[in-house]
Amino acid sequence: MYTVTFSRNSRSSSSMAAMVILLGFLLATLQITEVRSVGVCYGMMGNNLPPASQVVSLYKSNNIDRLRLYDPNQAALQALRGSNIQVMIGVPNSDLQSLANNPSQAQSWVQRNVRNYHPAVRFRYIAVGNEVSPVNGAARFVPFVLPAMRNIQSAIRAAGLQNQIKVTTSIDLTLIGNSYPPSQGAFRGDVRGYFDPIISFLVNNRSPLLANIYPYFSYKDNPRDISLPYALFTANAVVVWDGQRGYRNLFDAMLDALYSALERAGGASLEVVVSESGWPSAGGFATTFDNAKTYLSNLVRHVKGGTPKRPGKAIETYLFAMFDENNKEPQYEKHFGVFFPNKQPKYNIKFSAEKPWDVFAGNDTTTSTEESLKSDM
């Protein structure tokens, strides 16, 4: 934060002019150093979505400069050329086995989907697999995640891009066995054999962990113990005390529980990128327009300031998703979009970054006076 103080008794108009010039310079510098921490996931499971070229233009016109792509869609990659949008590109779960079993397949994948576009497309991460876990519906992919990560990493290194593009994977929080209080976060014992080596890979390659974090689902599954204001960032007081740390929102508690789990598993040095977070506007329990707007608007503001466990640092976060996607099931999955398929905004969300002097201010809104004193993850 820059503070410029004018003397109450300026000796001359020239000194005042000099200070005004200095102030202008400082403000210009702050403009350059804006914090950008929010991207948006570009899902394509709809039969009424605009073409990729129009989607990229929509990102640019709304100052959204980070994009998650779930597979190497060639039309999207072509449209991203020269856009200056930073891209998280995904390896679909269906491709993991071939990339794990054959290093040459990984080399070809990187050549076809990364090297053919770099540097015109600004790749940031390669997400090798999404929400693969021994305890969810994607368990059959578990044996292939780490070998595929290693082969993709080797291909990225061979291209000389290992310092520019980080290879990682995206998890959900079914891997967490204990989440309350956040400082006691720990992974399930029956996932450690799968996930500990992935943590070591990320640490060794200085890559972040990607995590899909949804307070909506925690609230939906346990509305008796989790209050809606706690889930929506609108609690007007601390809901959960964890030692000296006070939690006023579920998002922070979930993320800090993950950080605690990583510390217990040898991953204390890892950063977490929130690769998905959102709230549906229709189709299920608590899926109202107002709830979705409140959650997303507050999330965009909140992630600029960190968590109680790791304060003072913006949380790189990707909203889910760009559009409502009518081919998804169940019904509420169709309504996560921040835009309608006709490119009209569903909510009035400001994606452009705030200045650094706002980073630590106003992390929580106080629009609700009703809250539960009992909460959980």
# chains A, B, ... in the order shown; residues from 1 in each chain; ligands from 1
>>> select_by_dssp(residues="range 56-229 of chain A", states="alpha helix (DSSP H)", output="PyMOL selection string")
chain A and resi 56-61+74-80+96-101+103-110+142-158+192-205+215-221+228-229
>>> select_by_dssp(residues="range 205-255 of chain A", states="strand (DSSP E or B)", output="MDAnalysis selection string")
chainID A and resid 209:212 240:242 245:247
>>> write_last_selection(atoms="N, CA and C atoms", output="CSV table (one decimal), in the first residue's frame")
chain,number,residue,atom,x,y,z
A,209,LEU,N,-1.0,-27.5,-6.3
A,209,LEU,CA,-2.1,-28.5,-6.4
A,209,LEU,C,-3.4,-27.7,-6.8
A,210,LEU,N,-4.1,-28.3,-7.7
A,210,LEU,CA,-5.4,-27.8,-8.1
A,210,LEU,C,-6.5,-28.4,-7.3
A,211,ALA,N,-7.5,-27.7,-6.8
A,211,ALA,CA,-8.5,-28.2,-6.0
A,211,ALA,C,-9.9,-27.6,-6.3
A,212,ASN,N,-10.9,-28.4,-6.5
A,212,ASN,CA,-12.2,-27.9,-6.8
A,212,ASN,C,-12.9,-27.8,-5.4
A,240,VAL,N,-16.8,-20.1,13.3
A,240,VAL,CA,-15.9,-21.2,13.8
A,240,VAL,C,-14.6,-20.6,14.3
A,241,TRP,N,-14.3,-20.8,15.6
A,241,TRP,CA,-13.0,-20.5,16.1
A,241,TRP,C,-12.1,-21.7,16.1
A,242,ASP,N,-10.9,-21.6,15.6
A,242,ASP,CA,-10.0,-22.7,15.5
A,242,ASP,C,-8.7,-22.2,16.2
A,245,ARG,N,-7.6,-18.6,15.2
A,245,ARG,CA,-8.1,-18.2,13.9
A,245,ARG,C,-9.6,-18.3,13.9
A,246,GLY,N,-10.2,-17.2,13.4
A,246,GLY,CA,-11.7,-17.2,13.3
A,246,GLY,C,-12.1,-17.3,11.9
A,247,TYR,N,-13.1,-18.1,11.6
A,247,TYR,CA,-13.7,-18.4,10.3
A,247,TYR,C,-15.1,-17.8,10.2
>>> closest_atom_pairs(of="range 48-139 of chain A", to="range 176-197 of chain A", cutoff="8 Å", atoms="only C-alpha atoms", output="CSV")
residue,atom,partner,partner_atom,distance
A:Ser133,CA,A:Val191,CA,7.5
A:Pro134,CA,A:Val191,CA,6.3
A:Val135,CA,A:Val191,CA,7.7
>>> atom_distance(atom1="CA of Pro341 in chain A", atom2="CA of Val91 in chain A")
24.8 Å
>>> atom_distance(atom1="CA of Leu255 in chain A", atom2="CA of Ser94 in chain A")
27.9 Å
>>> residues_around(residues="Asp65 in chain A", least_positions_apart="6", cutoff="8 Å", atoms="only C-alpha atoms", output="compact mmCIF listing (two decimals) with N, CA and C atoms, in the first residue's frame")
# COMPACT_ATOMS: atom_id res chain seq x y z
N ARG A 36 -4.48 -9.97 -10.14
CA ARG A 36 -5.49 -10.71 -10.89
C ARG A 36 -5.48 -12.14 -10.37
N GLY A 39 -10.11 -16.47 -12.57
CA GLY A 39 -10.36 -16.92 -13.92
C GLY A 39 -11.74 -17.57 -13.99
N TYR A 59 -14.48 -13.34 -22.96
CA TYR A 59 -13.50 -13.28 -21.88
C TYR A 59 -12.77 -11.94 -21.90
N ASN A 84 -3.64 -13.25 -25.07
CA ASN A 84 -2.97 -12.94 -23.81
C ASN A 84 -3.69 -13.51 -22.60
N ILE A 85 -4.65 -14.40 -22.82
CA ILE A 85 -5.33 -15.08 -21.72
C ILE A 85 -4.47 -16.26 -21.27
N GLN A 86 -4.27 -16.39 -19.96
CA GLN A 86 -3.51 -17.51 -19.43
C GLN A 86 -4.40 -18.74 -19.33
>>> atom_distance(atom1="CA of Tyr295 in chain A", atom2="CA of Thr234 in chain A")
8.7 Å
>>> closest_atom_pairs(of="range 301-359 of chain A", to="range 272-280 of chain A", cutoff="12 Å", atoms="only C-alpha atoms", output="Markdown table")
| residue | atom | partner | partner_atom | distance |
| --- | --- | --- | --- | --- |
| A:Val303 | CA | A:Val274 | CA | 9.8 |
| A:Gly306 | CA | A:Val272 | CA | 11.2 |
| A:Thr307 | CA | A:Val272 | CA | 11.6 |
| A:Arg310 | CA | A:Val272 | CA | 10.8 |
| A:Lys313 | CA | A:Val272 | CA | 11.6 |
| A:Ala314 | CA | A:Val273 | CA | 10.1 |
| A:Ile315 | CA | A:Val273 | CA | 6.8 |
| A:Glu316 | CA | A:Val273 | CA | 5.3 |
| A:Thr317 | CA | A:Val274 | CA | 4.5 |
| A:Tyr318 | CA | A:Ser275 | CA | 5.1 |
| A:Leu319 | CA | A:Ser277 | CA | 5.1 |
| A:Phe320 | CA | A:Gly278 | CA | 5.0 |
| A:Ala321 | CA | A:Gly278 | CA | 7.2 |
| A:Met322 | CA | A:Gly278 | CA | 10.4 |
| A:Phe323 | CA | A:Pro280 | CA | 11.1 |
| A:Asp324 | CA | A:Pro280 | CA | 9.1 |
| A:Glu325 | CA | A:Pro280 | CA | 11.2 |
| A:Pro330 | CA | A:Pro280 | CA | 11.4 |
| A:Gln331 | CA | A:Pro280 | CA | 9.7 |
| A:Tyr332 | CA | A:Pro280 | CA | 6.1 |
| A:Glu333 | CA | A:Pro280 | CA | 7.0 |
| A:Lys334 | CA | A:Pro280 | CA | 7.9 |
| A:His335 | CA | A:Pro280 | CA | 5.0 |
| A:Phe336 | CA | A:Pro280 | CA | 4.3 |
| A:Gly337 | CA | A:Pro280 | CA | 7.6 |
| A:Val338 | CA | A:Gly278 | CA | 9.0 |
| A:Phe339 | CA | A:Pro280 | CA | 12.0 |
| A:Lys346 | CA | A:Pro280 | CA | 11.4 |
>>> residues_around(residues="Pro143 in chain A", least_positions_apart="2", cutoff="10 Å", atoms="only C-alpha atoms", output="list in words")
Leu96, Gln97, Ala100, Val132, Pro134, Ala139, Arg140, Phe141, Val145, Leu146, Pro147, Ala148 and Tyr194 of chain A
>>> residues_around(residues="Phe123 in chain A", least_positions_apart="3", cutoff="7 Å", atoms="only C-alpha atoms", output="list of chain:residue names")
A:Gln86, A:Val87, A:Met88, A:Ile165
